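Chemist: The structure file model_11.cif (mmCIF, C-alpha atoms, pLDDT in the B column; chains and numbers go by the auth columns) is provided below.
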```cif
data_upload
#
loop_
_atom_site.group_PDB
_atom_site.id
_atom_site.type_symbol
_atom_site.label_atom_id
_atom_site.label_comp_id
_atom_site.label_asym_id
_atom_site.label_seq_id
_atom_site.Cartn_x
_atom_site.Cartn_y
_atom_site.Cartn_z
_atom_site.B_iso_or_equiv
_atom_site.auth_seq_id
_atom_site.auth_asym_id
ATOM 1 C CA MET A 1 -12.685 -49.112 -104.794 38.00 1 A
ATOM 2 C CA ASN A 2 -13.711 -45.841 -103.131 38.00 2 A
ATOM 3 C CA ALA A 3 -10.092 -44.684 -103.308 43.00 3 A
ATOM 4 C CA ASP A 4 -10.065 -45.372 -107.051 42.00 4 A
ATOM 5 C CA ILE A 5 -13.285 -43.453 -107.551 39.00 5 A
ATOM 6 C CA ALA A 6 -12.024 -40.532 -105.484 39.00 6 A
ATOM 7 C CA HIS A 7 -8.698 -40.519 -107.361 40.00 7 A
ATOM 8 C CA SER A 8 -10.431 -40.751 -110.716 40.00 8 A
ATOM 9 C CA THR A 9 -12.790 -37.925 -109.826 38.00 9 A
ATOM 10 C CA ALA A 10 -9.958 -35.750 -108.527 42.00 10 A
ATOM 11 C CA SER A 11 -7.790 -36.197 -111.609 42.00 11 A
ATOM 12 C CA HIS A 12 -10.813 -35.611 -113.832 42.00 12 A
ATOM 13 C CA ALA A 13 -11.586 -32.385 -111.955 43.00 13 A
ATOM 14 C CA GLU A 14 -7.958 -31.245 -112.272 45.00 14 A
ATOM 15 C CA ALA A 15 -8.080 -31.719 -116.044 45.00 15 A
ATOM 16 C CA ALA A 16 -11.146 -29.524 -116.446 50.00 16 A
ATOM 17 C CA GLU A 17 -10.812 -25.893 -115.424 52.00 17 A
ATOM 18 C CA PRO A 18 -13.100 -25.351 -112.423 57.00 18 A
ATOM 19 C CA ALA A 19 -15.881 -22.827 -112.793 65.00 19 A
ATOM 20 C CA ALA A 20 -15.739 -20.092 -110.181 77.00 20 A
ATOM 21 C CA ALA A 21 -18.572 -20.335 -107.684 86.00 21 A
ATOM 22 C CA ALA A 22 -20.922 -17.535 -106.814 93.00 22 A
ATOM 23 C CA ARG A 23 -20.455 -15.881 -103.436 96.00 23 A
ATOM 24 C CA HIS A 24 -23.408 -15.081 -101.196 97.00 24 A
ATOM 25 C CA PHE A 25 -24.008 -12.864 -98.189 98.00 25 A
ATOM 26 C CA THR A 26 -27.364 -12.775 -96.381 98.00 26 A
ATOM 27 C CA VAL A 27 -28.448 -10.893 -93.275 98.00 27 A
ATOM 28 C CA ARG A 28 -31.739 -10.049 -91.573 97.00 28 A
ATOM 29 C CA LEU A 29 -32.015 -6.487 -90.299 97.00 29 A
ATOM 30 C CA SER A 30 -34.591 -4.528 -88.350 95.00 30 A
ATOM 31 C CA ALA A 31 -37.029 -2.652 -90.576 95.00 31 A
ATOM 32 C CA THR A 32 -35.869 0.699 -89.171 95.00 32 A
ATOM 33 C CA PRO A 33 -33.684 3.539 -90.427 95.00 33 A
ATOM 34 C CA ARG A 34 -30.869 2.008 -88.351 97.00 34 A
ATOM 35 C CA GLY A 35 -31.334 -1.314 -90.174 97.00 35 A
ATOM 36 C CA ALA A 36 -31.154 0.462 -93.540 97.00 36 A
ATOM 37 C CA ARG A 37 -27.921 2.230 -92.503 97.00 37 A
ATOM 38 C CA LEU A 38 -26.479 -1.079 -91.370 98.00 38 A
ATOM 39 C CA ALA A 39 -27.399 -2.655 -94.729 98.00 39 A
ATOM 40 C CA ARG A 40 -25.301 -0.002 -96.502 98.00 40 A
ATOM 41 C CA SER A 41 -22.368 -0.464 -94.156 98.00 41 A
ATOM 42 C CA LEU A 42 -22.430 -4.266 -94.366 98.00 42 A
ATOM 43 C CA THR A 43 -22.618 -4.114 -98.160 98.00 43 A
ATOM 44 C CA ALA A 44 -19.573 -1.851 -98.398 98.00 44 A
ATOM 45 C CA GLY A 45 -17.622 -4.134 -96.062 98.00 45 A
ATOM 46 C CA GLN A 46 -18.635 -7.325 -97.843 98.00 46 A
ATOM 47 C CA LEU A 47 -17.729 -5.939 -101.258 98.00 47 A
ATOM 48 C CA ASP A 48 -14.371 -4.807 -99.860 98.00 48 A
ATOM 49 C CA ALA A 49 -13.784 -8.367 -98.624 97.00 49 A
ATOM 50 C CA TRP A 50 -14.699 -9.687 -102.095 97.00 50 A
ATOM 51 C CA GLY A 51 -12.166 -7.411 -103.790 96.00 51 A
ATOM 52 C CA TRP A 52 -14.070 -4.196 -104.530 96.00 52 A
ATOM 53 C CA PRO A 53 -12.532 -1.782 -102.013 97.00 53 A
ATOM 54 C CA TYR A 54 -14.201 1.077 -100.203 97.00 54 A
ATOM 55 C CA GLY A 55 -14.286 4.123 -102.457 96.00 55 A
ATOM 56 C CA ALA A 56 -14.189 2.105 -105.690 97.00 56 A
ATOM 57 C CA GLU A 57 -16.933 3.020 -108.150 97.00 57 A
ATOM 58 C CA ALA A 58 -18.418 -0.499 -108.117 97.00 58 A
ATOM 59 C CA ASN A 59 -18.557 -0.510 -104.308 98.00 59 A
ATOM 60 C CA GLU A 60 -20.174 2.928 -104.157 98.00 60 A
ATOM 61 C CA THR A 61 -22.731 2.069 -106.852 97.00 61 A
ATOM 62 C CA ALA A 62 -23.732 -1.146 -105.089 98.00 62 A
ATOM 63 C CA VAL A 63 -24.008 0.671 -101.748 98.00 63 A
ATOM 64 C CA LEU A 64 -26.256 3.308 -103.341 97.00 64 A
ATOM 65 C CA LEU A 65 -28.501 0.585 -104.789 98.00 65 A
ATOM 66 C CA VAL A 66 -28.701 -1.161 -101.410 98.00 66 A
ATOM 67 C CA ALA A 67 -29.464 2.181 -99.748 97.00 67 A
ATOM 68 C CA GLU A 68 -32.430 2.800 -102.042 96.00 68 A
ATOM 69 C CA LEU A 69 -33.866 -0.707 -101.780 96.00 69 A
ATOM 70 C CA ALA A 70 -33.363 -0.889 -98.005 97.00 70 A
ATOM 71 C CA ALA A 71 -34.928 2.556 -97.508 95.00 71 A
ATOM 72 C CA ASN A 72 -37.949 1.426 -99.516 93.00 72 A
ATOM 73 C CA ALA A 73 -38.219 -1.768 -97.442 94.00 73 A
ATOM 74 C CA VAL A 74 -38.195 0.318 -94.268 94.00 74 A
ATOM 75 C CA ARG A 75 -40.541 3.028 -95.516 91.00 75 A
ATOM 76 C CA HIS A 76 -42.992 1.110 -97.698 84.00 76 A
ATOM 77 C CA GLY A 77 -42.460 -2.560 -96.811 81.00 77 A
ATOM 78 C CA ARG A 78 -42.397 -2.470 -93.046 82.00 78 A
ATOM 79 C CA VAL A 79 -44.701 -4.686 -91.026 81.00 79 A
ATOM 80 C CA ARG A 80 -44.472 -4.154 -87.290 85.00 80 A
ATOM 81 C CA GLY A 81 -42.335 -6.817 -85.661 82.00 81 A
ATOM 82 C CA ARG A 82 -40.923 -8.130 -88.967 89.00 82 A
ATOM 83 C CA ASP A 83 -37.393 -7.675 -90.290 94.00 83 A
ATOM 84 C CA PHE A 84 -36.178 -7.251 -93.829 96.00 84 A
ATOM 85 C CA ARG A 85 -33.543 -9.418 -95.478 97.00 85 A
ATOM 86 C CA LEU A 86 -30.573 -8.285 -97.536 98.00 86 A
ATOM 87 C CA LYS A 87 -28.951 -10.812 -99.850 98.00 87 A
ATOM 88 C CA LEU A 88 -25.919 -10.144 -102.016 98.00 88 A
ATOM 89 C CA SER A 89 -24.899 -12.659 -104.661 98.00 89 A
ATOM 90 C CA LEU A 90 -21.659 -12.100 -106.552 97.00 90 A
ATOM 91 C CA PHE A 91 -21.423 -14.036 -109.796 96.00 91 A
ATOM 92 C CA PRO A 92 -17.873 -14.244 -111.160 93.00 92 A
ATOM 93 C CA ASP A 93 -18.896 -14.305 -114.820 89.00 93 A
ATOM 94 C CA GLY A 94 -19.005 -10.653 -115.776 89.00 94 A
ATOM 95 C CA PRO A 95 -18.645 -10.147 -112.762 95.00 95 A
ATOM 96 C CA ALA A 96 -22.149 -9.189 -111.642 97.00 96 A
ATOM 97 C CA LEU A 97 -23.785 -8.504 -108.305 98.00 97 A
ATOM 98 C CA ARG A 98 -27.410 -9.334 -107.555 98.00 98 A
ATOM 99 C CA ILE A 99 -28.921 -7.379 -104.689 98.00 99 A
ATOM 100 C CA GLU A 100 -32.143 -8.636 -103.113 98.00 100 A
ATOM 101 C CA VAL A 101 -34.121 -6.892 -100.380 97.00 101 A
ATOM 102 C CA THR A 102 -37.045 -8.884 -99.019 95.00 102 A
ATOM 103 C CA ASP A 103 -39.792 -7.323 -96.901 93.00 103 A
ATOM 104 C CA SER A 104 -43.144 -8.394 -95.495 90.00 104 A
ATOM 105 C CA ARG A 105 -45.561 -6.082 -97.348 87.00 105 A
ATOM 106 C CA ILE A 106 -46.912 -8.266 -100.118 85.00 106 A
ATOM 107 C CA ASP A 107 -49.784 -5.827 -100.691 84.00 107 A
ATOM 108 C CA ARG A 108 -47.418 -3.052 -101.848 80.00 108 A
ATOM 109 C CA HIS A 109 -45.463 -3.499 -105.066 80.00 109 A
ATOM 110 C CA PRO A 110 -43.345 -0.958 -106.896 80.00 110 A
ATOM 111 C CA PRO A 111 -44.216 -0.135 -110.498 79.00 111 A
ATOM 112 C CA THR A 112 -42.813 -2.517 -113.059 82.00 112 A
ATOM 113 C CA PRO A 113 -39.453 -1.678 -114.654 84.00 113 A
ATOM 114 C CA GLY A 114 -39.757 0.812 -117.489 82.00 114 A
ATOM 115 C CA THR A 115 -43.011 2.323 -116.176 83.00 115 A
ATOM 116 C CA LEU A 116 -41.693 4.604 -113.429 75.00 116 A
ATOM 117 C CA PRO A 117 -43.210 8.073 -113.567 76.00 117 A
ATOM 118 C CA PRO A 118 -40.733 10.960 -113.465 79.00 118 A
ATOM 119 C CA ALA A 119 -40.368 12.606 -110.062 73.00 119 A
ATOM 120 C CA SER A 120 -41.650 16.141 -109.744 72.00 120 A
ATOM 121 C CA PHE A 121 -39.128 18.828 -108.876 73.00 121 A
ATOM 122 C CA GLU A 122 -41.058 19.717 -105.716 73.00 122 A
ATOM 123 C CA ALA A 123 -41.293 16.166 -104.368 62.00 123 A
ATOM 124 C CA GLU A 124 -39.071 15.275 -101.437 64.00 124 A
ATOM 125 C CA SER A 125 -39.131 11.575 -102.298 62.00 125 A
ATOM 126 C CA GLY A 126 -39.910 9.294 -105.213 63.00 126 A
ATOM 127 C CA ARG A 127 -36.522 9.149 -106.911 78.00 127 A
ATOM 128 C CA GLY A 128 -35.091 5.961 -105.397 85.00 128 A
ATOM 129 C CA LEU A 129 -36.323 3.477 -107.979 89.00 129 A
ATOM 130 C CA LEU A 130 -35.434 5.928 -110.746 89.00 130 A
ATOM 131 C CA LEU A 131 -31.835 5.691 -109.477 92.00 131 A
ATOM 132 C CA VAL A 132 -32.100 1.903 -109.325 94.00 132 A
ATOM 133 C CA GLU A 133 -33.395 1.808 -112.893 93.00 133 A
ATOM 134 C CA ALA A 134 -30.618 4.125 -114.082 93.00 134 A
ATOM 135 C CA LEU A 135 -27.743 2.325 -112.325 95.00 135 A
ATOM 136 C CA ALA A 136 -28.760 -1.339 -112.477 95.00 136 A
ATOM 137 C CA GLY A 137 -28.721 -3.480 -115.577 92.00 137 A
ATOM 138 C CA HIS A 138 -31.959 -5.171 -114.525 95.00 138 A
ATOM 139 C CA TRP A 139 -34.384 -4.890 -111.637 94.00 139 A
ATOM 140 C CA GLY A 140 -37.763 -6.224 -110.649 94.00 140 A
ATOM 141 C CA THR A 141 -39.975 -7.722 -107.986 94.00 141 A
ATOM 142 C CA THR A 142 -40.687 -11.335 -107.115 94.00 142 A
ATOM 143 C CA CYS A 143 -42.959 -13.030 -104.589 89.00 143 A
ATOM 144 C CA GLY A 144 -41.442 -16.281 -103.411 76.00 144 A
ATOM 145 C CA ASN A 145 -44.044 -17.129 -100.813 85.00 145 A
ATOM 146 C CA PRO A 146 -47.359 -15.735 -99.529 86.00 146 A
ATOM 147 C CA TYR A 147 -45.653 -13.687 -96.798 89.00 147 A
ATOM 148 C CA THR A 148 -42.850 -11.735 -98.485 92.00 148 A
ATOM 149 C CA LYS A 149 -41.834 -9.902 -101.616 94.00 149 A
ATOM 150 C CA THR A 150 -38.342 -9.286 -102.917 95.00 150 A
ATOM 151 C CA VAL A 151 -37.179 -6.264 -104.864 96.00 151 A
ATOM 152 C CA TRP A 152 -33.957 -7.096 -106.671 97.00 152 A
ATOM 153 C CA CYS A 153 -31.477 -5.536 -109.028 97.00 153 A
ATOM 154 C CA GLU A 154 -28.362 -6.628 -110.861 97.00 154 A
ATOM 155 C CA VAL A 155 -25.313 -4.503 -111.545 97.00 155 A
ATOM 156 C CA ALA A 156 -22.096 -5.169 -113.437 96.00 156 A
ATOM 157 C CA MET A 157 -19.080 -4.977 -111.150 94.00 157 A
ATOM 158 C CA GLY A 158 -16.409 -4.539 -113.862 83.00 158 A
#
```
Just dump the structure as structure tokens.
Modeler:
Amino acid sequence: MNADIAHSTASHAEAAEPAAAARHFTVRLSATPRGARLARSLTAGQLDAWGWPYGAEANETAVLLVAELAANAVRHGRVRGRDFRLKLSLFPDGPALRIEVTDSRIDRHPPTPGTLPPASFEAESGRGLLLVEALAGHWGTTCGNPYTKTVWCEVAMG
């Protein structure tokens, strides 16, 4: 009977076109400038492995977004002795990439999307989230538990 069920399920699955599954990559990195650099490098390599080669516009855009979010996690989200997490999720419909950077500073949140103040010409920092807002289709912040916050963005990979 199990063979019949397995055969029936297999032939049923062959008849319907399978939906492509999302791909995920997750890594924990030290909340240091070295960790942020490694996040950029790992992102470029992972996207190359997924079919968006080094030097391609989609790869470079995603790496820039990771660079900004990872730099913010290191600069503004660092808690001594705690890492940050980088998660990439590639969704084949579109295709679209969701980038998530999770840090341990739940008391510090970026402004909400659409409310970022313009950076002054004299300022040496303060443009990272403006780049994220300009390049990503969507971005925001979520708190999944009482110990971390995640800043995420989504970008079309077409």
Chemist: Just to confirm, what's the straight-line distance from atom CA of Val27 of chain A to atom CA of Lys87 of chain A in Å (one decimal)?
Modeler: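 The value is 6.6 Å.
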Chemist: Between A:Thr102, A:Thr142, A:Thr148, A:Asn59, which is the closest to Asn72 of chain A once you count only C-alpha atoms?
Modeler: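 So, comparing all the options, the nearest one is A:Thr102.
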Chemist: Residues proximal to (-45.4, -8.9, -104.6) were defined as those with any atom within 10 Å of that point in the file's coordinates, counting only C-alpha atoms. Which are they, as a count of residues only?
Modeler: 19
Chemist: Measuring atom to atom with only C-alpha atoms, identify which of A:Pro117, A:Gly128, A:Pro53, A:Pro111 is nearest to Ala67 of chain A.
Modeler: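 For Ala67 of chain A, the nearest of the given residues is A:Gly128.
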Chemist: Mind giving me the straight-line distance from atom CA of Phe91 of chain A to atom CA of Trp52 of chain A in Å, one decimal?
Modeler: 13.4 Å
Chemist: With distances taken over only C-alpha atoms, which of A:Trp152, A:Glu57, A:Pro33, A:Phe25 is nearest to Arg75 of chain A?
Modeler: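 Checking each of A:Trp152, A:Glu57, A:Pro33, A:Phe25 against Arg75 of chain A, counting only C-alpha atoms, the winner is A:Pro33.
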Chemist: Give me the residues within 10 Å of Pro113 of chain A as an MDAnalysis selection string, counting all atoms listed in the file and dropping any in the same chain fewer than 5 places off.
Modeler: chainID A and resid 129:130 132:133 138:141
Chemist: Taking all atoms of segment 47-66 of chain A that the file lists, what box with edges along x, y and z, padded by 4 Å per side, do you get, with centre and edge lengths in Å to one decimal, as JSON?
Modeler:
```
{"center_x": -20.4, "center_y": -2.8, "center_z": -103.4, "size_x": 24.5, "size_y": 21.8, "size_z": 17.5}
```
Chemist: Choose the residue, out of A:Val74, A:Ala21, A:Leu86, A:Leu64, that has the smallest atom-to-atom separation from Ala39 of chain A; count all atoms listed in the file.
Modeler: A:Leu86
Chemist: Applying the PyMOL selection byres ((chain A and resi 50) around 12) to the file I just gave you, which residues come out? Please list them as a list in words.
Modeler: Ala22, Arg23, His24, Phe25, Thr43, Ala44, Gly45, Gln46, Leu47, Asp48, Ala49, Gly51, Trp52, Pro53, Tyr54, Ala58, Asn59, Leu88, Ser89, Leu90, Phe91, Pro92, Pro95, Leu97 and Met157 of chain A
Chemist: Would you export the selected residues with C-alpha atoms as an mmCIF file, in the frame of the given file, please?
Modeler:
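Okay, this is what ended up in out.cif:
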```cif
data_model
loop_
_atom_site.group_PDB
_atom_site.id
_atom_site.type_symbol
_atom_site.label_atom_id
_atom_site.label_comp_id
_atom_site.auth_asym_id
_atom_site.auth_seq_id
_atom_site.Cartn_x
_atom_site.Cartn_y
_atom_site.Cartn_z
ATOM 1 C CA ALA A 22 -20.922 -17.535 -106.814
ATOM 2 C CA ARG A 23 -20.455 -15.881 -103.436
ATOM 3 C CA HIS A 24 -23.408 -15.081 -101.196
ATOM 4 C CA PHE A 25 -24.008 -12.864 -98.189
ATOM 5 C CA THR A 43 -22.618 -4.114 -98.160
ATOM 6 C CA ALA A 44 -19.573 -1.851 -98.398
ATOM 7 C CA GLY A 45 -17.622 -4.134 -96.062
ATOM 8 C CA GLN A 46 -18.635 -7.325 -97.843
ATOM 9 C CA LEU A 47 -17.729 -5.939 -101.258
ATOM 10 C CA ASP A 48 -14.371 -4.807 -99.860
ATOM 11 C CA ALA A 49 -13.784 -8.367 -98.624
ATOM 12 C CA GLY A 51 -12.166 -7.411 -103.790
ATOM 13 C CA TRP A 52 -14.070 -4.196 -104.530
ATOM 14 C CA PRO A 53 -12.532 -1.782 -102.013
ATOM 15 C CA TYR A 54 -14.201 1.077 -100.203
ATOM 16 C CA ALA A 58 -18.418 -0.499 -108.117
ATOM 17 C CA ASN A 59 -18.557 -0.510 -104.308
ATOM 18 C CA LEU A 88 -25.919 -10.144 -102.016
ATOM 19 C CA SER A 89 -24.899 -12.659 -104.661
ATOM 20 C CA LEU A 90 -21.659 -12.100 -106.552
ATOM 21 C CA PHE A 91 -21.423 -14.036 -109.796
ATOM 22 C CA PRO A 92 -17.873 -14.244 -111.160
ATOM 23 C CA PRO A 95 -18.645 -10.147 -112.762
ATOM 24 C CA LEU A 97 -23.785 -8.504 -108.305
ATOM 25 C CA MET A 157 -19.080 -4.977 -111.150
#
```
Chemist: Measuring between all atoms listed in the file, which one of A:Asp93, A:Glu100, A:Glu122, A:Asp83 shows the shortest distance to Val66 of chain A?
Modeler: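 For Val66 of chain A, the nearest of the given residues is A:Glu100.
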Chemist: So how far away is atom CA of Arg82 of chain A from atom CA of Thr61 of chain A, in Å?
Modeler: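 Going from atom CA of Thr61 of chain A over to atom CA of Arg82 of chain A, I get 27.5 Å.
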Chemist: So, counting only C-alpha atoms, which residue among A:Leu69, A:Leu29, A:Ile99, A:Val63 is closest to Gly81 of chain A?
Modeler: A:Leu29
